[in-house]
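start_12.txt follows (compact mmCIF, C-alpha atoms and all ligand atoms):
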# COMPACT_ATOMS: atom_id res chain seq x y z
CA MET A 13 15.44 78.02 84.64
CA LYS A 14 18.20 80.56 84.58
CA THR A 15 19.94 81.30 87.87
CA VAL A 16 21.82 84.53 88.22
CA THR A 17 24.47 84.56 90.91
CA LYS A 18 24.78 88.06 92.28
CA SER A 19 28.28 89.14 93.21
CA LYS A 20 29.12 88.59 96.85
CA ILE A 21 28.94 91.59 99.17
CA TRP A 22 31.27 91.14 102.12
CA LEU A 23 30.84 92.44 105.64
CA SER A 24 34.31 93.98 105.65
CA SER A 25 37.07 93.07 103.21
CA PRO A 26 40.69 94.24 102.87
CA HIS A 27 41.16 97.49 100.94
CA MET A 28 44.67 98.23 99.76
CA GLY A 29 45.71 101.81 99.09
CA GLY A 30 48.22 101.16 96.30
CA THR A 31 51.63 101.91 97.82
CA GLU A 32 51.83 98.79 100.03
CA GLN A 33 53.66 96.84 97.31
CA ASN A 34 56.45 99.48 97.17
CA TYR A 35 57.26 98.96 100.85
CA ILE A 36 57.22 95.19 100.33
CA ASN A 37 59.50 95.49 97.31
CA SER A 38 62.02 97.53 99.25
CA ALA A 39 62.02 94.86 101.97
CA PHE A 40 62.86 92.28 99.29
CA GLU A 41 65.52 94.50 97.71
CA GLN A 42 67.23 95.00 101.06
CA ASN A 43 66.66 91.38 102.12
CA TRP A 44 64.81 92.42 105.28
CA ILE A 45 62.67 89.26 105.26
CA ALA A 46 62.54 89.08 109.04
CA PRO A 47 60.53 90.16 112.07
CA LEU A 48 62.58 93.36 112.22
CA GLY A 49 63.74 95.98 109.74
CA PRO A 50 62.99 99.44 108.34
CA ASN A 51 59.27 98.78 107.70
CA VAL A 52 58.78 97.65 111.32
CA ASP A 53 60.43 100.84 112.63
CA GLY A 54 58.64 102.97 110.02
CA PHE A 55 55.20 101.49 110.75
CA GLU A 56 55.71 102.13 114.46
CA SER A 57 56.58 105.78 113.90
CA ASP A 58 53.67 106.20 111.44
CA ILE A 59 51.23 104.93 114.09
CA SER A 60 52.87 107.01 116.80
CA GLU A 61 52.63 110.12 114.63
CA PHE A 62 48.94 109.42 114.02
CA LEU A 63 48.08 108.81 117.68
CA GLY A 64 50.22 111.65 119.03
CA GLU A 65 53.97 111.70 119.51
CA GLU A 66 53.81 110.76 123.20
CA SER A 67 52.43 107.34 122.19
CA LYS A 68 55.07 104.60 122.10
CA VAL A 69 54.14 101.77 119.74
CA ALA A 70 55.32 98.15 119.48
CA VAL A 71 53.97 96.30 116.43
CA LEU A 72 53.22 92.62 117.00
CA SER A 73 51.97 89.52 115.20
CA SER A 74 48.33 90.08 116.24
CA GLY A 75 45.99 92.09 118.41
CA THR A 76 45.54 88.99 120.54
CA ALA A 77 49.31 88.86 121.13
CA ALA A 78 49.18 92.54 122.12
CA ILE A 79 46.46 91.84 124.70
CA HIS A 80 48.44 88.88 126.04
CA LEU A 81 51.61 90.98 126.47
CA GLY A 82 49.57 93.94 127.71
CA LEU A 83 48.13 91.89 130.57
CA LYS A 84 51.60 90.55 131.39
CA LEU A 85 52.95 94.12 131.50
CA LEU A 86 50.11 95.01 133.90
CA THR A 87 51.54 92.14 136.03
CA VAL A 88 48.56 89.80 135.66
CA GLU A 89 49.56 86.35 136.89
CA SER A 90 48.13 82.92 137.41
CA GLY A 91 45.24 83.03 139.92
CA ASP A 92 44.53 86.75 139.44
CA GLU A 93 41.12 88.08 138.45
CA VAL A 94 40.72 90.36 135.42
CA ILE A 95 37.56 92.28 134.64
CA CYS A 96 36.56 92.14 130.97
CA GLN A 97 33.74 93.69 128.99
CA SER A 98 31.40 90.77 128.25
CA PHE A 99 30.09 92.17 124.97
CA THR A 100 33.15 91.66 122.76
CA PHE A 101 35.03 89.29 120.48
CA SER A 102 36.62 86.32 122.28
CA ALA A 103 40.14 87.63 121.58
CA SER A 104 39.61 90.28 124.29
CA ALA A 105 39.16 87.58 126.92
CA ASN A 106 41.22 84.57 125.78
CA PRO A 107 44.60 86.01 126.90
CA ILE A 108 43.27 86.13 130.49
CA ALA A 109 43.05 82.33 130.30
CA TYR A 110 46.50 82.05 128.63
CA LEU A 111 47.91 83.54 131.84
CA GLY A 112 45.99 81.20 134.12
CA ALA A 113 44.00 84.18 135.42
CA ARG A 114 40.21 84.28 135.82
CA PRO A 115 37.90 86.55 133.82
CA VAL A 116 35.13 88.50 135.55
CA PHE A 117 32.67 89.58 132.86
CA VAL A 118 30.84 92.90 133.09
CA ASP A 119 27.82 93.87 130.99
CA SER A 120 27.28 96.93 128.77
CA GLU A 121 25.33 100.18 128.93
CA ARG A 122 22.89 101.36 126.26
CA ASP A 123 24.61 104.51 124.93
CA THR A 124 27.84 103.04 123.58
CA TRP A 125 27.08 99.31 124.00
CA ASN A 126 30.36 99.09 125.92
CA ILE A 127 31.30 98.29 129.53
CA CYS A 128 28.75 99.74 131.99
CA PRO A 129 30.33 101.98 134.66
CA ILE A 130 27.63 101.04 137.20
CA GLN A 131 28.08 97.29 136.71
CA LEU A 132 31.85 97.75 136.69
CA GLU A 133 31.92 99.46 140.07
CA LYS A 134 29.49 96.87 141.45
CA ALA A 135 31.78 94.08 140.25
CA ILE A 136 34.90 95.68 141.75
CA LEU A 137 33.23 96.26 145.13
CA ASP A 138 31.83 92.74 145.18
CA ARG A 139 35.17 91.15 144.31
CA ILE A 140 36.96 93.26 146.93
CA ALA A 141 34.33 92.22 149.50
CA ASN A 142 35.21 88.64 148.57
CA GLY A 143 38.85 89.32 149.30
CA VAL A 144 40.13 89.53 145.69
CA LYS A 145 40.90 92.84 144.07
CA PRO A 146 40.81 92.57 140.26
CA LYS A 147 44.21 93.12 138.67
CA ALA A 148 43.08 94.90 135.47
CA ILE A 149 40.04 96.09 133.52
CA ILE A 150 39.69 95.26 129.82
CA ALA A 151 37.42 97.84 128.17
CA VAL A 152 36.56 97.65 124.48
CA HIS A 153 35.54 100.25 121.85
CA LEU A 154 33.16 97.90 120.05
CA TYR A 155 32.45 98.48 116.35
CA GLY A 156 34.58 101.63 116.66
CA MET A 157 32.31 103.33 119.22
CA PRO A 158 34.41 104.59 122.15
CA TYR A 159 33.47 103.35 125.61
CA LYS A 160 32.62 105.86 128.37
CA VAL A 161 36.24 106.88 128.70
CA LYS A 162 35.88 109.49 131.47
CA GLU A 163 33.71 107.29 133.69
CA ILE A 164 35.89 104.19 133.27
CA GLN A 165 39.07 106.19 133.94
CA ALA A 166 37.54 107.63 137.11
CA ILE A 167 36.73 104.14 138.41
CA SER A 168 40.19 102.90 137.43
CA GLU A 169 41.77 105.72 139.47
CA LYS A 170 39.38 105.42 142.41
CA TYR A 171 40.23 101.74 142.92
CA ASP A 172 43.76 101.90 141.49
CA ILE A 173 43.12 99.19 138.88
CA PRO A 174 44.77 99.74 135.46
CA VAL A 175 42.83 99.69 132.19
CA LEU A 176 43.78 97.65 129.13
CA GLU A 177 42.09 99.51 126.28
CA ASP A 178 41.07 97.12 123.51
CA SER A 179 41.03 99.49 120.54
CA ALA A 180 41.25 96.69 117.95
CA GLU A 181 38.12 97.97 116.19
CA ALA A 182 38.61 101.67 116.87
CA LEU A 183 41.71 102.98 115.10
CA GLY A 184 40.73 106.48 113.96
CA SER A 185 37.95 106.93 116.56
CA THR A 186 38.28 109.80 119.04
CA VAL A 187 36.73 111.24 122.20
CA ASN A 188 36.92 115.04 122.37
CA GLY A 189 39.61 114.89 119.71
CA VAL A 190 41.80 112.41 121.60
CA LYS A 191 42.57 109.22 119.67
CA CYS A 192 41.32 105.83 120.82
CA GLY A 193 44.23 103.58 121.72
CA THR A 194 45.78 106.28 123.93
CA PHE A 195 43.34 106.21 126.89
CA GLY A 196 44.33 103.02 128.67
CA ASP A 197 47.40 102.24 130.76
CA VAL A 198 48.05 99.95 127.79
CA GLY A 199 46.26 100.22 124.44
CA VAL A 200 45.82 97.55 121.76
CA LEU A 201 45.26 97.77 117.99
CA SER A 202 44.57 95.01 115.46
CA PHE A 203 45.42 94.86 111.76
CA ASN A 204 43.58 91.64 111.00
CA GLY A 205 42.13 91.24 107.50
CA ASN A 206 38.68 92.53 108.43
CA LYS A 207 39.76 95.59 110.45
CA ILE A 208 39.74 99.25 109.38
CA ILE A 209 43.27 98.89 107.99
CA THR A 210 45.07 95.58 107.66
CA THR A 211 48.46 93.93 107.38
CA SER A 212 46.67 90.58 106.75
CA GLY A 213 47.40 89.77 110.38
CA GLY A 214 49.00 91.98 112.98
CA GLY A 215 48.56 94.14 116.03
CA ALA A 216 50.15 96.83 118.17
CA LEU A 217 50.65 97.64 121.81
CA ILE A 218 50.46 101.33 122.77
CA SER A 219 51.85 102.97 125.89
CA LYS A 220 53.00 106.42 126.98
CA ASN A 221 55.97 104.81 128.68
CA GLN A 222 59.06 104.03 126.58
CA LYS A 223 60.05 101.33 129.14
CA ILE A 224 56.74 99.51 128.53
CA LYS A 225 57.36 99.55 124.79
CA GLU A 226 60.87 98.16 125.28
CA LYS A 227 59.60 95.47 127.65
CA ALA A 228 56.87 94.52 125.13
CA ILE A 229 59.46 94.09 122.37
CA PHE A 230 61.71 92.13 124.76
CA LEU A 231 58.87 89.72 125.62
CA ALA A 232 57.80 89.52 121.94
CA THR A 233 61.30 88.43 120.84
CA GLN A 234 61.81 85.47 123.22
CA ALA A 235 62.90 87.54 126.25
CA ARG A 236 66.57 87.39 125.41
CA ASP A 237 68.94 88.73 128.08
CA ASN A 238 71.68 91.18 127.20
CA ALA A 239 74.44 88.58 126.74
CA ILE A 240 76.63 87.40 123.85
CA HIS A 241 75.08 83.92 123.92
CA TYR A 242 71.36 83.14 124.06
CA GLN A 243 70.40 83.52 127.68
CA HIS A 244 66.93 83.84 129.19
CA SER A 245 65.74 84.79 132.65
CA GLU A 246 62.06 85.01 131.69
CA ILE A 247 59.61 83.10 129.50
CA GLY A 248 59.33 84.87 126.15
CA HIS A 249 57.13 84.80 123.07
CA ASN A 250 57.58 84.98 119.30
CA TYR A 251 55.12 87.84 118.79
CA ARG A 252 57.00 90.47 116.75
CA MET A 253 55.57 91.69 113.42
CA SER A 254 57.22 90.67 110.15
CA ASN A 255 58.99 93.41 108.16
CA ILE A 256 56.98 92.32 105.09
CA LEU A 257 53.64 92.79 106.84
CA ALA A 258 54.78 96.07 108.38
CA GLY A 259 55.32 97.21 104.77
CA ILE A 260 51.61 96.63 104.09
CA GLY A 261 50.90 98.60 107.25
CA ARG A 262 52.97 101.58 106.08
CA GLY A 263 50.96 101.76 102.86
CA GLN A 264 47.69 101.42 104.80
CA MET A 265 48.57 104.26 107.18
CA GLU A 266 48.71 106.61 104.16
CA VAL A 267 44.99 106.00 103.54
CA LEU A 268 43.71 105.52 107.10
CA GLN A 269 41.66 108.74 107.23
CA ASP A 270 40.09 107.93 103.83
CA ARG A 271 39.09 104.54 105.21
CA VAL A 272 37.51 106.13 108.30
CA ASP A 273 35.64 108.65 106.12
CA ALA A 274 34.33 105.88 103.83
CA ARG A 275 33.06 103.77 106.73
CA ARG A 276 31.44 106.74 108.43
CA ASN A 277 29.79 107.57 105.12
CA ASN A 278 28.39 104.01 104.85
CA TYR A 279 26.93 104.42 108.32
CA ALA A 280 25.42 107.82 107.52
CA ILE A 281 23.68 106.46 104.41
CA TYR A 282 22.34 103.35 106.17
CA LYS A 283 21.05 105.53 108.99
CA LYS A 284 19.44 108.07 106.67
CA GLU A 285 17.74 105.41 104.55
CA LEU A 286 16.74 102.94 107.26
CA SER A 287 16.14 104.84 110.50
CA PRO A 288 12.69 106.09 109.36
CA PHE A 289 11.48 102.48 109.70
CA LYS A 290 10.18 101.73 113.18
CA GLU A 291 11.66 98.21 113.02
CA LEU A 292 15.21 99.54 112.77
CA GLU A 293 17.13 101.51 115.36
CA PHE A 294 20.57 103.14 115.13
CA SER A 295 22.68 104.40 118.00
CA GLU A 296 22.30 108.06 118.97
CA ASP A 297 25.21 110.43 118.46
CA ILE A 298 27.00 111.30 121.69
CA PRO A 299 28.59 114.78 121.92
CA GLY A 300 32.38 114.55 121.65
CA TYR A 301 32.27 110.92 120.52
CA TYR A 302 33.60 110.24 117.02
CA SER A 303 33.29 106.60 115.92
CA ASN A 304 35.16 105.20 112.91
CA HIS A 305 31.98 103.09 112.41
CA TRP A 306 34.15 100.10 111.56
CA LEU A 307 30.96 98.09 111.17
CA THR A 308 27.48 99.55 110.85
CA ALA A 309 25.32 97.78 113.41
CA VAL A 310 21.55 98.12 113.52
CA LEU A 311 19.08 97.02 116.19
CA VAL A 312 16.00 95.28 114.82
CA SER A 313 12.68 95.35 116.72
CA SER A 314 12.68 91.56 117.26
CA TYR A 315 14.88 88.49 116.90
CA GLU A 316 12.45 87.11 114.31
CA ILE A 317 12.64 90.13 112.01
CA ARG A 318 16.42 90.27 112.48
CA GLU A 319 16.66 86.68 111.28
CA LYS A 320 14.25 87.35 108.41
CA ILE A 321 16.51 90.17 107.21
CA ARG A 322 19.73 88.19 107.72
CA LEU A 323 18.45 85.17 105.77
CA ALA A 324 17.05 87.33 102.96
CA LEU A 325 20.48 88.98 102.59
CA LEU A 326 22.23 85.60 102.70
CA LYS A 327 20.00 84.33 99.89
CA GLU A 328 21.13 87.29 97.78
CA ASN A 329 24.82 86.60 98.50
CA VAL A 330 25.11 89.46 101.01
CA GLU A 331 27.08 88.78 104.18
CA SER A 332 25.65 90.15 107.44
CA ARG A 333 26.21 88.95 110.99
CA PRO A 334 24.56 89.04 114.41
CA LEU A 335 26.44 91.18 116.95
CA TRP A 336 29.13 89.56 119.11
CA LYS A 337 27.77 86.88 121.41
CA PRO A 338 28.57 88.06 124.96
CA MET A 339 31.38 86.19 126.70
CA HIS A 340 29.18 85.33 129.71
CA MET A 341 26.92 83.38 127.28
CA GLN A 342 29.81 81.44 125.69
CA PRO A 343 30.08 77.72 126.48
CA VAL A 344 33.82 78.06 127.09
CA PHE A 345 33.26 80.68 129.82
CA ARG A 346 30.15 79.07 131.39
CA ASN A 347 31.85 78.77 134.78
CA SER A 348 33.21 82.35 134.82
CA MET A 349 31.89 85.10 137.04
CA CYS A 350 29.67 87.75 135.48
CA TYR A 351 27.82 90.92 136.44
CA THR A 352 24.93 91.34 134.03
CA ASN A 353 22.05 93.73 133.42
CA GLY A 354 20.46 92.19 130.30
CA VAL A 355 21.81 94.81 127.88
CA SER A 356 24.34 92.71 125.93
CA GLU A 357 21.95 89.74 125.70
CA ASP A 358 19.32 92.02 124.18
CA LEU A 359 21.86 93.53 121.74
CA PHE A 360 22.96 90.02 120.77
CA ASN A 361 19.39 88.91 120.12
CA ARG A 362 18.32 91.89 118.02
CA GLY A 363 21.47 93.32 116.48
CA LEU A 364 22.83 92.89 112.97
CA CYS A 365 26.10 94.03 111.39
CA LEU A 366 25.68 95.17 107.79
CA PRO A 367 28.25 95.23 104.97
CA SER A 368 30.56 98.08 105.94
CA GLY A 369 33.76 97.87 103.90
CA SER A 370 35.53 101.07 102.88
CA ASN A 371 35.51 99.53 99.36
CA LEU A 372 31.73 98.96 99.35
CA SER A 373 30.38 100.61 96.19
CA LYS A 374 27.36 102.95 96.31
CA GLU A 375 25.58 100.50 94.06
CA ASP A 376 26.15 97.58 96.43
CA LEU A 377 25.27 99.71 99.46
CA PHE A 378 21.90 100.55 97.94
CA ARG A 379 21.41 96.92 96.89
CA VAL A 380 21.67 96.01 100.60
CA ILE A 381 19.38 98.86 101.66
CA GLU A 382 16.67 97.87 99.15
CA LEU A 383 16.86 94.22 100.23
CA ILE A 384 16.35 95.23 103.86
CA LYS A 385 13.46 97.55 103.02
CA LYS A 386 11.73 94.70 101.17
CA GLU A 387 11.72 92.62 104.36
CA ILE A 388 10.12 95.23 106.61
CA VAL A 389 7.47 96.92 104.46
C1 LIG A 401 40.04 91.72 116.14
C2 LIG A 401 39.88 91.91 117.59
C3 LIG A 401 40.87 91.49 118.49
C4 LIG A 401 42.03 90.63 118.13
O1 LIG A 401 42.84 91.05 117.14
P1 LIG A 401 43.62 90.00 116.20
O2 LIG A 401 44.59 90.88 115.49
O3 LIG A 401 42.62 89.38 115.30
O4 LIG A 401 44.30 89.01 117.09
C5 LIG A 401 40.70 91.81 119.83
N1 LIG A 401 39.63 92.47 120.26
C6 LIG A 401 38.65 92.85 119.43
C7 LIG A 401 37.49 93.60 120.00
C8 LIG A 401 38.73 92.57 118.07
O5 LIG A 401 37.74 92.94 117.26

Give the structure from the file, written as structure tokens.
Amino acid sequence: MKTVTKSKIWLSSPHMGGTEQNYINSAFEQNWIAPLGPNVDGFESDISEFLGEESKVAVLSSGTAAIHLGLKLLTVESGDEVICQSFTFSASANPIAYLGARPVFVDSERDTWNICPIQLEKAILDRIANGVKPKAIIAVHLYGMPYKVKEIQAISEKYDIPVLEDSAEALGSTVNGVKCGTFGDVGVLSFNGNKIITTSGGGALISKNQKIKEKAIFLATQARDNAIHYQHSEIGHNYRMSNILAGIGRGQMEVLQDRVDARRNNYAIYKKELSPFKELEFSEDIPGYYSNHWLTAVLVSSYEIREKIRLALLKENVESRPLWKPMHMQPVFRNSMCYTNGVSEDLFNRGLCLPSGSNLSKEDLFRVIELIKKEIV
């Protein structure tokens, strides 16, 4: 029997633009092999230019590091409570625990799959009634789809609780033309290997306040006081981005819009080909909302059919993945508070992320589509 191994189709793989190596070479030529240098400064101004000049950017070793510093800058301390969207990747919530604070998980709404304004306000009122006002709200633009920015901002202002905007999956997404990453009191980006653009590993902290940027860099470089010797009055971190990796980032910024266009095009084709089937459901467009569609996610009519599709793809060497398992369902957070409405549990049970890379060929895209069709007709 002859077995033919089909080439692997990844969920989301790195996609270099071509000029990254030039920036790396110049770092080598100038011997800037360090967590500072011209590529670090250049990458920060590239991102700032993309987001809007009023955005101050500090590039860091990861998105997780950016969330950790972001919470610190919002003065979260041991014993505080921090509200966090439950339907997300664990990196949104872990830094709450690093600080000795307690997460309060809040469920999603159906339109964007992100933090539900009704549940959020309920959680805030309930915590205040219990004598603890949450210190911050972590809202996430999951799979590139912006959360209900206006509603969340209104609640943030009403109760005077700052928002940490986890935009790790949403670089290039906008709401009414305004870029994701710029809505929160602090914004966070990620450049991990699977994200819309990558530096292999990396992240950024965004703020409109130059002082916040400077404080982030201070904390990311071991919190060194202004003295001729090494002196420290605060606990610091080693969270700055390498000048080599920032070089990759500079090359990636040149092709960011192409990457967004390619991913949105994947989504449009999946939706056109698969939405006629009653078993498959795609999110509705929301006026003013522009998603980078980092990953195409589809809702299947039942858990059983979802699994049937996932396993059929796996057998053909195609990577797909259930949606994020909500934090309030995670063993590690089993004792944490949560305000739920059943939405994220349903999304987790029925949702599937499909191969979505900006380097996914048309041929491979249609290979995936045909495999899915075979399982539902
Ligand atoms: C990737 C991701 C992060 C963390 O970013 P890293 O750079 O991998 O540390 C945080 N939040 C969300 C929603 C993510 O997808």

(request) Find the residues near ligand LIG 401 (chain A). Use a cut-off of 7 Å, count all atoms listed in the file, and write them as an MDAnalysis selection string. (result) chainID A and resid 74:77 100:101 103:104 152 154 178:181 202:204 207 213:215

(request) Figure out the distance between CA of Gly363 (chain A) and CA of Val312 (chain A), please, to one decimal in Å. (result)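 Computed distance, CA of Val312 (chain A) to CA of Gly363 (chain A), equals 6.0 Å.
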
(request) Can you work out which one of A:Met253, A:Val380, A:Ile21, A:Leu85 has the shortest atom-to-atom distance to Leu231 (chain A), counting only C-alpha atoms? (result)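 Nearest to Leu231 (chain A): A:Leu85.
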
(message) Under the rule that all atoms listed in the file are counted, which of A:Leu383, A:Leu257, A:Asn221, A:Ser314 is the nearest residue to Ala46 (chain A)?
(response) A:Leu257

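Around region 223-226 of chain A, within 7 Å and counting all atoms listed in the file, the residues found are Lys68, Val69, Ala70, Ser219, Asn221, Ala228, Ile229 and Phe230 of chain A, once anything fewer than 2 positions away on its own chain is removed.
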
(request) Excluding region 336-348 of chain A and residues on its chain fewer than 5 positions from it, collect all residues at most 7 Å away from it, counting all atoms listed in the file, and give them as a ChimeraX atom specification. (result) /A:98-102,115-117,356-357,360

(request) Please provide as a list in words all residues within 10 Å of region 160-162 of chain A, with the sequence filter that same-chain residues fewer than 2 positions apart are discarded (counting only C-alpha atoms). (result) Glu121, Asp123, Thr124, Trp125, Asn126, Ile127, Cys128, Pro129, Ala151, Val152, His153, Met157, Pro158, Ile164, Gln165, Ala166, Ile167, Ser168, Glu177, Val187, Cys192, Phe195, Gly196 and Tyr301 of chain A
